[in-house]
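Structure below is work_16.csv: CSV, C-alpha atoms.
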```csv
chain,number,residue,atom,x,y,z
E,12,MET,CA,-56.6,-95.0,-49.5
E,13,SER,CA,-58.6,-92.5,-51.5
E,14,PHE,CA,-57.6,-89.0,-52.0
E,15,ARG,CA,-60.4,-87.7,-49.8
E,16,SER,CA,-59.5,-89.9,-46.9
E,17,ARG,CA,-55.8,-88.7,-47.1
E,18,ILE,CA,-57.0,-85.2,-46.9
E,19,GLY,CA,-59.3,-85.9,-44.0
E,20,VAL,CA,-56.6,-87.6,-42.1
E,21,GLY,CA,-54.0,-85.0,-42.7
E,22,GLY,CA,-56.4,-82.1,-42.6
E,23,SER,CA,-56.0,-81.6,-38.8
E,24,ASP,CA,-52.4,-80.3,-39.1
E,25,PRO,CA,-52.9,-77.1,-41.0
E,26,PRO,CA,-55.5,-75.7,-38.6
E,27,SER,CA,-53.0,-76.3,-35.7
E,28,ARG,CA,-50.3,-74.5,-37.6
E,29,ASN,CA,-52.6,-71.6,-38.4
E,30,VAL,CA,-53.5,-71.2,-34.7
E,31,VAL,CA,-49.8,-71.1,-33.8
E,32,SER,CA,-49.0,-68.7,-36.6
E,33,GLN,CA,-51.8,-66.4,-35.5
E,34,LYS,CA,-50.5,-66.5,-31.9
E,35,LEU,CA,-47.0,-65.7,-33.0
E,36,ALA,CA,-48.3,-62.9,-35.2
E,37,ILE,CA,-50.2,-61.4,-32.2
E,38,LEU,CA,-47.2,-61.7,-30.0
E,39,LEU,CA,-45.0,-60.2,-32.6
E,40,CYS,CA,-47.4,-57.3,-33.0
E,41,ILE,CA,-47.6,-56.7,-29.3
E,42,GLY,CA,-43.8,-56.9,-29.0
E,43,SER,CA,-43.4,-54.6,-31.9
E,44,PHE,CA,-45.9,-52.2,-30.5
E,45,CYS,CA,-44.1,-52.2,-27.1
E,46,ALA,CA,-40.7,-51.8,-28.8
E,47,GLY,CA,-42.1,-49.0,-30.9
E,48,MET,CA,-43.4,-47.2,-27.8
E,49,PHE,CA,-40.1,-47.7,-26.1
E,50,PHE,CA,-38.0,-46.4,-28.9
E,51,THR,CA,-40.5,-43.7,-29.7
E,52,ASN,CA,-40.3,-42.3,-26.1
E,53,ARG,CA,-36.5,-42.4,-26.3
E,54,MET,CA,-36.3,-40.7,-29.6
E,55,TRP,CA,-38.8,-37.9,-28.7
E,56,MET,CA,-37.2,-36.9,-25.4
E,57,VAL,CA,-34.6,-34.6,-27.1
E,58,PRO,CA,-37.0,-33.0,-29.5
E,59,GLU,CA,-39.3,-32.3,-26.6
E,60,ALA,CA,-36.5,-30.6,-24.7
E,61,LYS,CA,-35.6,-28.6,-27.7
E,62,GLY,CA,-39.1,-27.6,-28.1
E,63,MET,CA,-39.2,-26.5,-24.5
E,64,ALA,CA,-35.9,-24.6,-24.9
E,65,THR,CA,-37.3,-22.9,-28.0
E,66,THR,CA,-40.4,-21.9,-26.2
E,67,ARG,CA,-38.4,-20.4,-23.3
E,68,GLY,CA,-36.2,-18.6,-25.9
E,69,GLU,CA,-39.3,-17.2,-27.5
E,70,LYS,CA,-40.5,-15.9,-24.1
E,71,ASP,CA,-37.1,-14.6,-23.0
E,72,GLY,CA,-35.3,-13.6,-26.2
E,73,GLY,CA,-38.3,-12.7,-28.3
E,74,THR,CA,-37.8,-15.0,-31.3
E,75,SER,CA,-41.4,-15.9,-31.9
E,76,MET,CA,-43.4,-14.4,-34.7
E,77,ASP,CA,-45.9,-13.1,-32.2
E,78,HIS,CA,-43.0,-11.1,-30.6
E,79,TYR,CA,-42.0,-9.5,-33.9
E,80,SER,CA,-45.5,-8.6,-34.7
E,81,ASN,CA,-46.0,-6.9,-31.4
E,82,PRO,CA,-44.3,-3.4,-31.4
E,83,ARG,CA,-44.8,-3.0,-27.7
E,84,LEU,CA,-42.6,-6.0,-27.0
E,85,VAL,CA,-40.0,-4.8,-29.4
E,86,ARG,CA,-39.9,-1.3,-27.7
E,87,GLN,CA,-39.6,-3.0,-24.3
E,88,GLU,CA,-36.7,-5.1,-25.5
E,89,SER,CA,-35.0,-2.1,-27.1
E,90,GLY,CA,-35.4,-0.1,-23.9
E,91,SER,CA,-33.9,-3.0,-21.9
E,92,VAL,CA,-30.9,-3.2,-24.2
E,93,THR,CA,-30.4,0.5,-24.0
E,94,GLY,CA,-30.5,0.3,-20.2
E,95,GLU,CA,-27.9,-2.4,-20.2
E,96,VAL,CA,-25.6,-0.4,-22.4
E,97,SER,CA,-26.1,2.7,-20.2
E,98,LYS,CA,-25.2,0.6,-17.1
E,99,THR,CA,-22.1,-0.7,-18.9
E,100,ASP,CA,-21.1,2.9,-19.8
E,101,ASN,CA,-21.5,4.0,-16.2
E,102,VAL,CA,-19.4,1.1,-15.0
E,103,LEU,CA,-16.6,2.0,-17.5
E,104,GLN,CA,-16.7,5.6,-16.5
E,105,THR,CA,-16.5,4.7,-12.8
E,106,LEU,CA,-13.6,2.4,-13.6
E,107,GLN,CA,-11.8,5.1,-15.6
E,108,ARG,CA,-12.2,7.5,-12.6
E,109,THR,CA,-10.8,4.9,-10.3
E,110,ILE,CA,-7.8,4.3,-12.5
E,111,SER,CA,-7.2,8.0,-12.8
E,112,LYS,CA,-7.3,8.4,-9.0
E,113,LEU,CA,-5.0,5.5,-8.5
E,114,GLU,CA,-2.6,6.9,-11.1
E,115,MET,CA,-2.7,10.3,-9.4
E,116,GLU,CA,-1.9,8.6,-6.0
E,117,LEU,CA,0.9,6.7,-7.6
E,118,ALA,CA,2.3,10.0,-9.0
E,119,ALA,CA,2.1,11.6,-5.6
E,120,ALA,CA,3.9,8.7,-4.0
E,121,ARG,CA,6.6,8.9,-6.7
E,122,ALA,CA,7.0,12.6,-6.2
E,123,ALA,CA,7.4,12.1,-2.4
E,124,GLN,CA,9.9,9.3,-3.0
E,125,ASP,CA,11.9,11.4,-5.4
E,126,THR,CA,12.0,14.2,-2.8
E,127,ILE,CA,13.3,11.8,-0.2
E,128,LEU,CA,15.9,10.2,-2.5
E,129,ASN,CA,17.1,13.6,-3.7
E,130,GLY,CA,17.9,14.6,-0.2
E,131,SER,CA,15.8,17.8,-0.2
E,132,PRO,CA,13.7,18.8,2.9
E,133,GLU,CA,10.9,16.3,2.5
E,134,SER,CA,8.9,17.2,5.5
E,135,GLU,CA,7.4,20.3,4.1
E,136,SER,CA,6.6,18.6,0.7
E,137,LEU,CA,5.0,15.7,2.4
E,138,ARG,CA,3.0,17.9,4.7
E,139,ILE,CA,1.6,19.8,1.7
E,140,ALA,CA,0.9,16.6,-0.1
E,141,GLU,CA,-0.9,15.0,2.8
E,142,SER,CA,-3.1,18.1,3.5
E,143,ALA,CA,-3.7,18.9,-0.1
E,144,MET,CA,-4.8,15.4,-1.0
E,145,LYS,CA,-7.7,15.8,1.5
E,146,ARG,CA,-9.5,18.3,-0.7
E,147,LYS,CA,-10.2,19.0,-4.3
E,148,TYR,CA,-9.0,22.2,-6.1
E,149,LEU,CA,-10.2,23.8,-9.3
E,150,MET,CA,-6.8,24.7,-10.6
E,151,VAL,CA,-3.1,25.1,-9.9
E,152,ILE,CA,-1.5,28.1,-11.6
E,153,GLY,CA,2.3,27.7,-12.0
E,154,ILE,CA,4.0,30.9,-12.9
E,155,ASN,CA,7.2,30.1,-14.8
E,156,THR,CA,10.0,32.4,-13.5
E,157,ALA,CA,13.8,32.7,-13.5
E,158,PHE,CA,16.4,33.8,-11.0
E,159,ASN,CA,16.9,37.2,-12.5
E,160,SER,CA,13.1,38.0,-12.7
E,161,ARG,CA,12.6,39.4,-9.2
E,162,LYS,CA,11.1,42.7,-10.6
E,163,ARG,CA,8.6,40.7,-12.8
E,164,ARG,CA,7.5,38.7,-9.7
E,165,ASP,CA,7.0,41.8,-7.7
E,166,SER,CA,4.9,43.4,-10.4
E,167,VAL,CA,2.8,40.2,-10.6
E,168,ARG,CA,2.3,40.3,-6.9
E,169,ALA,CA,1.3,43.9,-7.1
E,170,THR,CA,-1.3,43.4,-9.9
E,171,TRP,CA,-3.2,40.2,-10.5
E,172,MET,CA,-1.8,37.7,-8.0
E,173,PRO,CA,-3.2,37.9,-4.4
E,174,ARG,CA,-0.7,38.0,-1.6
E,175,GLY,CA,-0.5,36.8,2.0
E,176,ASP,CA,-3.9,36.0,3.6
E,177,LYS,CA,-5.8,36.8,0.4
E,178,ARG,CA,-3.8,34.1,-1.4
E,179,LYS,CA,-4.6,31.6,1.3
E,180,LYS,CA,-8.3,32.6,1.2
E,181,LEU,CA,-8.2,32.0,-2.5
E,182,GLU,CA,-7.0,28.5,-1.9
E,183,GLU,CA,-9.5,27.7,0.8
E,184,GLU,CA,-12.6,29.4,-0.6
E,185,LYS,CA,-12.1,29.1,-4.4
E,186,GLY,CA,-9.8,26.1,-4.7
E,187,ILE,CA,-7.2,28.0,-6.6
E,188,ILE,CA,-3.5,27.5,-6.0
E,189,ILE,CA,-0.9,30.0,-7.3
E,190,ARG,CA,2.9,29.6,-7.1
E,191,PHE,CA,6.0,30.9,-8.8
E,192,VAL,CA,7.7,27.8,-10.3
E,193,ILE,CA,11.5,27.6,-10.2
E,194,GLY,CA,14.2,25.0,-9.9
E,195,HIS,CA,17.8,25.2,-8.6
E,196,SER,CA,21.0,26.7,-9.9
E,197,SER,CA,23.8,24.6,-11.3
E,198,ILE,CA,25.7,25.4,-8.0
E,199,SER,CA,23.5,23.9,-5.3
E,200,GLY,CA,23.1,26.2,-2.4
E,201,GLY,CA,24.7,29.1,-4.2
E,202,ILE,CA,23.8,32.8,-4.1
E,203,LEU,CA,21.0,32.4,-6.5
E,204,ASP,CA,19.3,29.6,-4.5
E,205,ARG,CA,19.8,31.6,-1.3
E,206,ALA,CA,18.1,34.6,-2.8
E,207,ILE,CA,15.1,32.6,-3.8
E,208,GLU,CA,14.9,31.0,-0.4
E,209,ALA,CA,14.9,34.5,1.3
E,210,GLU,CA,12.2,35.7,-1.1
E,211,ASP,CA,10.1,32.5,-0.4
E,212,SER,CA,10.5,33.0,3.4
E,213,LYS,CA,9.0,36.5,2.9
E,214,TYR,CA,6.1,35.7,0.6
E,215,GLY,CA,5.7,31.8,0.8
E,216,ASP,CA,4.6,31.7,-2.9
E,217,PHE,CA,7.2,29.4,-4.5
E,218,LEU,CA,7.1,25.9,-5.8
E,219,ARG,CA,10.7,24.6,-6.0
E,220,LEU,CA,11.4,21.9,-8.5
E,221,GLU,CA,14.1,19.2,-8.6
E,222,HIS,CA,15.4,20.8,-11.8
E,223,VAL,CA,18.5,22.8,-12.9
E,224,GLU,CA,17.4,26.1,-14.4
E,225,GLY,CA,18.4,27.0,-17.9
E,226,TYR,CA,16.6,28.5,-21.0
E,227,LEU,CA,17.3,25.4,-23.0
E,228,GLU,CA,15.8,23.2,-20.3
E,229,LEU,CA,12.3,24.6,-20.3
E,230,SER,CA,10.8,21.4,-21.7
E,231,ALA,CA,12.3,19.5,-18.8
E,232,LYS,CA,11.1,22.1,-16.4
E,233,THR,CA,7.6,21.8,-17.8
E,234,LYS,CA,7.6,18.0,-17.1
E,235,ALA,CA,9.0,18.6,-13.6
E,236,TYR,CA,6.3,21.2,-12.9
E,237,PHE,CA,3.4,18.9,-13.9
E,238,ALA,CA,4.8,15.9,-12.1
E,239,THR,CA,5.4,17.9,-8.9
E,240,ALA,CA,2.1,19.8,-8.9
E,241,VAL,CA,0.0,16.7,-9.5
E,242,GLY,CA,1.8,15.0,-6.7
E,243,LEU,CA,1.1,17.9,-4.2
E,244,TRP,CA,-2.4,19.0,-5.2
E,245,ASP,CA,-5.5,17.2,-6.4
E,246,ALA,CA,-6.8,19.7,-8.9
E,247,GLU,CA,-9.0,19.5,-11.9
E,248,PHE,CA,-6.6,21.6,-14.0
E,249,TYR,CA,-2.9,22.5,-14.0
E,250,VAL,CA,-2.0,25.8,-15.6
E,251,LYS,CA,1.4,27.0,-16.8
E,252,VAL,CA,1.8,30.8,-17.4
E,253,ASP,CA,4.9,33.0,-17.9
E,254,ASP,CA,5.7,35.7,-15.4
E,255,ASP,CA,5.4,38.4,-18.1
E,256,VAL,CA,1.7,37.7,-18.8
E,257,HIS,CA,-1.3,39.4,-17.2
E,258,VAL,CA,-4.0,37.1,-16.0
E,259,ASN,CA,-7.6,37.6,-14.9
E,260,ILE,CA,-8.0,34.7,-12.5
E,261,ALA,CA,-11.8,34.8,-12.2
E,262,THR,CA,-12.2,34.7,-16.0
E,263,LEU,CA,-9.6,32.0,-16.4
E,264,GLY,CA,-11.4,29.9,-13.7
E,265,LYS,CA,-14.7,30.4,-15.5
E,266,ILE,CA,-13.2,29.2,-18.8
E,267,LEU,CA,-11.8,26.0,-17.2
E,268,ALA,CA,-14.9,25.2,-15.2
E,269,ARG,CA,-16.9,25.0,-18.4
E,270,HIS,CA,-14.7,22.0,-19.5
E,271,ARG,CA,-14.4,20.3,-16.1
E,272,LEU,CA,-16.5,17.3,-17.1
E,273,LYS,CA,-14.5,16.6,-20.3
E,274,PRO,CA,-11.8,14.0,-20.0
E,275,ARG,CA,-8.2,14.6,-21.1
E,276,THR,CA,-8.6,18.3,-21.8
E,277,TYR,CA,-5.9,20.5,-23.4
E,278,ILE,CA,-6.8,24.2,-23.3
E,279,GLY,CA,-5.0,27.2,-24.8
E,280,CYS,CA,-4.6,29.3,-27.9
E,281,MET,CA,-3.9,26.7,-30.5
E,282,LYS,CA,-1.3,27.5,-33.2
E,283,SER,CA,0.8,25.8,-35.9
E,284,GLY,CA,3.9,27.9,-36.5
E,285,PRO,CA,6.7,27.3,-39.0
E,286,ILE,CA,9.6,25.1,-38.1
E,287,LEU,CA,12.8,27.1,-38.0
E,288,ALA,CA,15.7,25.1,-39.3
E,289,ARG,CA,18.3,27.8,-39.6
E,290,LYS,CA,20.8,28.0,-36.8
E,291,GLY,CA,21.2,31.2,-34.8
E,292,VAL,CA,17.6,32.3,-35.0
E,293,ARG,CA,15.2,32.5,-32.1
E,294,TYR,CA,13.2,29.3,-31.5
E,295,HIS,CA,15.5,27.3,-33.7
E,296,GLU,CA,14.5,23.6,-33.9
E,297,PRO,CA,17.6,21.4,-34.0
E,298,GLU,CA,15.4,18.3,-34.8
E,299,HIS,CA,13.6,20.0,-37.7
E,300,TRP,CA,14.3,17.0,-39.9
E,301,LYS,CA,11.8,14.9,-37.9
E,302,PHE,CA,9.0,17.1,-39.1
E,303,GLY,CA,9.6,16.6,-42.9
E,304,GLY,CA,11.0,18.9,-45.5
E,305,GLU,CA,11.8,22.6,-45.4
E,306,GLY,CA,8.8,24.9,-45.0
E,307,ASN,CA,6.8,22.5,-42.9
E,308,LYS,CA,4.8,23.6,-39.9
E,309,TYR,CA,4.5,22.2,-36.4
E,310,PHE,CA,1.5,20.1,-35.4
E,311,ARG,CA,-1.3,22.1,-33.7
E,312,HIS,CA,-0.4,22.9,-30.1
E,313,ALA,CA,-1.1,25.6,-27.5
E,314,THR,CA,1.1,28.7,-27.4
E,315,GLY,CA,3.5,28.7,-24.5
E,316,GLN,CA,2.5,31.9,-22.7
E,317,LEU,CA,-0.5,30.2,-21.0
E,318,TYR,CA,-2.0,26.8,-21.3
E,319,ALA,CA,-3.9,24.3,-19.1
E,320,ILE,CA,-4.3,20.5,-19.0
E,321,SER,CA,-6.7,18.4,-17.0
E,322,ARG,CA,-5.6,16.2,-14.1
E,323,ASP,CA,-5.5,13.0,-16.1
E,324,LEU,CA,-3.2,14.5,-18.7
E,325,ALA,CA,-0.9,15.9,-16.0
E,326,THR,CA,-0.9,12.5,-14.4
E,327,TYR,CA,0.1,10.9,-17.7
E,328,VAL,CA,3.0,13.4,-18.0
E,329,SER,CA,4.1,12.6,-14.4
E,330,ILE,CA,4.1,8.9,-14.8
E,331,ASN,CA,5.8,8.9,-18.2
E,332,GLN,CA,8.1,11.9,-17.7
E,333,HIS,CA,11.3,9.8,-18.0
E,334,MET,CA,10.4,8.6,-21.6
E,335,LEU,CA,8.8,11.8,-23.0
E,336,HIS,CA,11.0,13.4,-25.6
E,337,LYS,CA,12.0,17.1,-25.2
E,338,TYR,CA,12.1,19.4,-28.2
E,339,ALA,CA,13.8,22.8,-28.1
E,340,ASN,CA,10.5,24.7,-27.4
E,341,GLU,CA,8.5,23.7,-24.4
E,342,ASP,CA,5.1,24.4,-25.9
E,343,VAL,CA,6.0,22.1,-28.9
E,344,SER,CA,7.2,19.5,-26.4
E,345,LEU,CA,3.9,19.5,-24.6
E,346,GLY,CA,2.0,19.2,-27.8
E,347,SER,CA,4.1,16.3,-28.9
E,348,TRP,CA,3.4,14.5,-25.6
E,349,LEU,CA,-0.4,14.8,-26.1
E,350,ILE,CA,-0.8,14.5,-29.8
E,351,GLY,CA,-0.9,10.7,-29.7
E,352,LEU,CA,-3.5,10.7,-26.9
E,353,ASP,CA,-7.3,10.8,-27.1
E,354,ALA,CA,-7.2,14.4,-25.8
E,355,VAL,CA,-9.8,17.1,-26.3
E,356,TYR,CA,-8.3,20.3,-27.7
E,357,ILE,CA,-9.9,23.6,-26.7
E,358,ASP,CA,-8.9,26.7,-28.6
E,359,ASP,CA,-10.0,29.7,-26.6
E,360,ARG,CA,-8.7,33.1,-27.9
E,361,ARG,CA,-9.5,34.8,-24.6
E,362,LEU,CA,-6.3,33.1,-23.4
E,363,CYS,CA,-4.1,35.2,-25.8
E,364,CYS,CA,-5.4,38.7,-26.0
E,365,GLY,CA,-3.2,41.6,-26.9
E,366,THR,CA,-2.3,44.4,-24.5
E,367,PRO,CA,-4.3,47.7,-24.6
E,368,PRO,CA,-6.1,48.7,-26.6
E,369,ASP,CA,-7.0,45.2,-27.6
E,370,CYS,CA,-7.9,43.7,-24.2
E,371,GLU,CA,-9.5,47.1,-23.2
E,372,TRP,CA,-11.9,47.1,-26.1
E,373,LYS,CA,-12.9,43.5,-25.5
E,374,ALA,CA,-13.4,44.3,-21.8
E,375,GLN,CA,-15.7,47.2,-22.7
E,376,ALA,CA,-17.7,44.9,-25.0
E,377,GLY,CA,-18.2,42.5,-22.1
E,378,ASN,CA,-15.7,39.9,-23.3
E,379,ILE,CA,-13.1,40.1,-20.6
E,380,CYS,CA,-9.7,38.4,-21.5
E,381,ALA,CA,-8.2,35.8,-19.3
E,382,ALA,CA,-4.6,36.5,-20.4
E,383,SER,CA,-3.0,39.4,-22.2
E,384,PHE,CA,0.5,39.9,-23.7
E,385,ASP,CA,2.3,41.2,-26.7
E,386,TRP,CA,2.9,38.7,-29.5
E,387,SER,CA,6.0,40.6,-30.6
E,388,CYS,CA,7.7,40.0,-27.3
E,389,SER,CA,6.1,36.6,-26.5
E,390,GLY,CA,4.9,38.3,-23.3
E,391,ILE,CA,4.2,41.9,-22.2
E,392,CYS,CA,7.1,44.0,-23.5
E,393,GLN,CA,8.9,45.5,-20.5
E,394,SER,CA,6.4,43.7,-18.3
E,395,ALA,CA,7.9,44.8,-15.0
E,396,ASP,CA,6.8,48.3,-15.8
E,397,ARG,CA,3.9,48.0,-18.3
E,398,ILE,CA,1.9,45.3,-16.5
E,399,TYR,CA,0.5,47.9,-14.1
E,400,GLN,CA,-1.0,49.7,-17.1
E,401,VAL,CA,-2.4,46.5,-18.5
E,402,HIS,CA,-3.9,45.6,-15.1
E,403,GLN,CA,-5.5,49.0,-14.8
E,404,ARG,CA,-7.1,49.0,-18.2
E,405,CYS,CA,-7.9,45.3,-18.7
E,406,GLY,CA,-8.0,43.8,-15.2
E,407,GLU,CA,-11.2,42.5,-13.8
E,408,SER,CA,-12.5,43.9,-10.5
E,409,GLU,CA,-11.4,42.4,-7.2
E,410,ASN,CA,-15.0,41.7,-6.4
E,411,ALA,CA,-15.3,39.5,-9.5
E,412,LEU,CA,-12.8,37.1,-8.1
E,413,TRP,CA,-14.4,36.7,-4.7
E,414,SER,CA,-18.0,36.7,-5.9
E,415,ILE,CA,-17.7,34.1,-8.6
E,416,VAL,CA,-18.9,30.5,-8.0
E,417,TYR,CA,-17.4,27.7,-10.0
```

Produce structure tokens that represent the structure in this file.
Amino acid sequence: MSFRSRIGVGGSDPPSRNVVSQKLAILLCIGSFCAGMFFTNRMWMVPEAKGMATTRGEKDGGTSMDHYSNPRLVRQESGSVTGEVSKTDNVLQTLQRTISKLEMELAAARAAQDTILNGSPESESLRIAESAMKRKYLMVIGINTAFNSRKRRDSVRATWMPRGDKRKKLEEEKGIIIRFVIGHSSISGGILDRAIEAEDSKYGDFLRLEHVEGYLELSAKTKAYFATAVGLWDAEFYVKVDDDVHVNIATLGKILARHRLKPRTYIGCMKSGPILARKGVRYHEPEHWKFGGEGNKYFRHATGQLYAISRDLATYVSINQHMLHKYANEDVSLGSWLIGLDAVYIDDRRLCCGTPPDCEWKAQAGNICAASFDWSCSGICQSADRIYQVHQRCGESENALWSIVY
């Protein structure tokens, strides 16, 4: 067989194979295309979602270039953020006020419980607490006094402190509570306690503390005063003043009212006196070594003749009274209790004017003093007699007290 005939005979197979190969190629292409479409859809599902999330983020969060190039959108977002911050601040302030109120109620409950446990007549204290908690007062003025200070108390009643119905009117109309503050003698129910009880039955102007009186116990008395007062009266400020200091109540109230919106306020004539390490001298500090070497001074604190603290600070003292350290001088003790707190210190020299002519000159100049005393005596020298003169020359008019609006 010739070469041509072999080719002719076997030439039919290659075309058949080519047809099959073409069909397989077409099928493979179609299969590949379908597989490609299938896998392409699967692979692009996530990027599409990411793209959608990015688009939403650009709309909501402002990450697009168009957003950054538009000042109006930037200002709107800034205003929105500022508004959210302002809302957060308001919520925090409301929370702080709520906590402060709860702490005050806790202090009141503790004071009432202590009264019951100590076996004193609790009915009167509870009655005062229940009625007083129903209203808000501007300030409670506690006049620190002693058993042998009857003449001083009478001179205070005759000068700057209203008596009887006027004192009750002062509480109801102006929200000002005034009480002489005293504890008990070392002999319970002795002659000293009975004398105070008789005086209180006549005037009704005492605040009795569960405290044993003594000059070296003034720091403990200060703690007891704040704890008792904050438990009985819901006031914005609690004032401590000595019974040999002259006070102009309207001026004092005006000073305190200016700071009523400030939290944790500590008001007085701030000083930083020397630490007296030598024994036998007045105001000796037995724990002088805690303040460093010889010649050091105390930290800044209000002088003890008159100072005021806001309700939240008084509540703090009440709650923590059992762990607050007492130094020899009560004004130093109070300063030490507050120095570690975020308190606002207000130094107002109208709370520590001198006696005439100092307070008189200032009154004539229109700068009436809230408190006057002699620095040399840490109070008005011979106050039982001289306070009348101070009141006459430096006292505000009675109309000033009743006409002022806080």

Using all atoms listed in the file, the residue out of E:His257, E:Arg404, E:Arg275, E:Lys290 with shortest distance to E:Thr170 is E:His257

Using only C-alpha atoms: which of E:Asn259, E:Thr156, E:Thr233, E:Ser166 has the shortest distance to E:Ile398: E:Ser166

Show me, as lines of an AutoDock Vina configuration file, the centre and edge lengths in Å to one decimal of the axis-aligned box that covers every listed atom of stretch 399-417 of chain E with 4 Å on each side.
```
center_x = -9.2
center_y = 38.7
center_z = -11.7
size_x = 27.4
size_y = 30.0
size_z = 22.0
```

Report as a PDB file with C-alpha atoms, in the frame of the given file all protein, DNA and RNA residues lying within 12 Å of E:Ala206, evaluated on all atoms listed in the file, omitting residues in the same chain fewer than 4 positions from it.
```pdb
ATOM      1  CA  ALA E 157      13.800  32.700 -13.500  1.00  0.00           C
ATOM      2  CA  PHE E 158      16.400  33.800 -11.000  1.00  0.00           C
ATOM      3  CA  ASN E 159      16.900  37.200 -12.500  1.00  0.00           C
ATOM      4  CA  SER E 160      13.100  38.000 -12.700  1.00  0.00           C
ATOM      5  CA  ARG E 161      12.600  39.400  -9.200  1.00  0.00           C
ATOM      6  CA  HIS E 195      17.800  25.200  -8.600  1.00  0.00           C
ATOM      7  CA  SER E 196      21.000  26.700  -9.900  1.00  0.00           C
ATOM      8  CA  GLY E 200      23.100  26.200  -2.400  1.00  0.00           C
ATOM      9  CA  GLY E 201      24.700  29.100  -4.200  1.00  0.00           C
ATOM     10  CA  ILE E 202      23.800  32.800  -4.100  1.00  0.00           C
ATOM     11  CA  GLU E 210      12.200  35.700  -1.100  1.00  0.00           C
ATOM     12  CA  ASP E 211      10.100  32.500  -0.400  1.00  0.00           C
ATOM     13  CA  SER E 212      10.500  33.000   3.400  1.00  0.00           C
ATOM     14  CA  LYS E 213       9.000  36.500   2.900  1.00  0.00           C
TER      15      LYS E 213
END
```

Counting only C-alpha atoms, which residue out of E:Glu407, E:Glu296, E:Glu221, E:Glu371 sits closest to E:Ser197?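 Using only C-alpha atoms, the shortest distance to E:Ser197 belongs to E:Glu221.
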
Taking (2.0, 41.7, -32.9) in the file's coordinates, which residues come within 12 Å, counting all atoms listed in the file, written as a PyMOL selection string? chain E and resi 363-366+369+384-392

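Compared by their closest atoms to E:Asp323, and using only C-alpha atoms, the residues E:Pro367, E:Gly291, E:Gly284, E:Pro274 rank with E:Pro274 nearest.
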
Around (5.6, 16.4, -20.3), as given in the file, which residues come within 8 Å? Count all atoms listed in the file and list them as a PyMOL selection string. chain E and resi 230-231+233-235+237+325+328-329+331-332+335+344-345+348

Hey, can you check how far atom CA of E:Arg311 sits from atom CA of E:Ile357?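 Answer for the atom CA of E:Arg311 to atom CA of E:Ile357 separation: 11.2 Å.
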
For E:Ala313, which of E:Leu362, E:Leu287, E:Ile330, E:Ala339 is the closest residue, counting all atoms listed in the file? E:Leu362

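Of the listed residues E:Arg289, E:Lys232, E:Arg360, E:Lys282, the one whose atoms come nearest to E:Tyr309 is E:Lys282, with distances taken using all atoms listed in the file.
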
Using atom CA of E:Ala288 and atom CA of E:Asp353 as the two end points, give the distance in Å to one decimal.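 Separation between atom CA of E:Ala288 and atom CA of E:Asp353: 29.7 Å.
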
Could you check how far atom CA of E:Glu247 sits from atom CA of E:Tyr148, in Å to one decimal?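 Atom CA of E:Glu247 sits 6.4 Å away from atom CA of E:Tyr148.
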
Applying 9 Å and all atoms listed in the file, which residues near E:Val151 remain after dropping the ones on its own chain fewer than 2 positions away? List them as a PyMOL selection string. chain E and resi 148-149+153+186-190+240-241+244-251

Write out as a PDB file with C-alpha atoms, keeping the file's coordinate frame which residues come within 6 Å of E:Ile154 when counting only C-alpha atoms, dropping same-chain ones fewer than 5 positions away.
```pdb
ATOM      1  CA  PHE E 191       6.000  30.900  -8.800  1.00  0.00           C
ATOM      2  CA  VAL E 192       7.700  27.800 -10.300  1.00  0.00           C
ATOM      3  CA  VAL E 252       1.800  30.800 -17.400  1.00  0.00           C
ATOM      4  CA  ASP E 253       4.900  33.000 -17.900  1.00  0.00           C
ATOM      5  CA  ASP E 254       5.700  35.700 -15.400  1.00  0.00           C
TER       6      ASP E 254
END
```
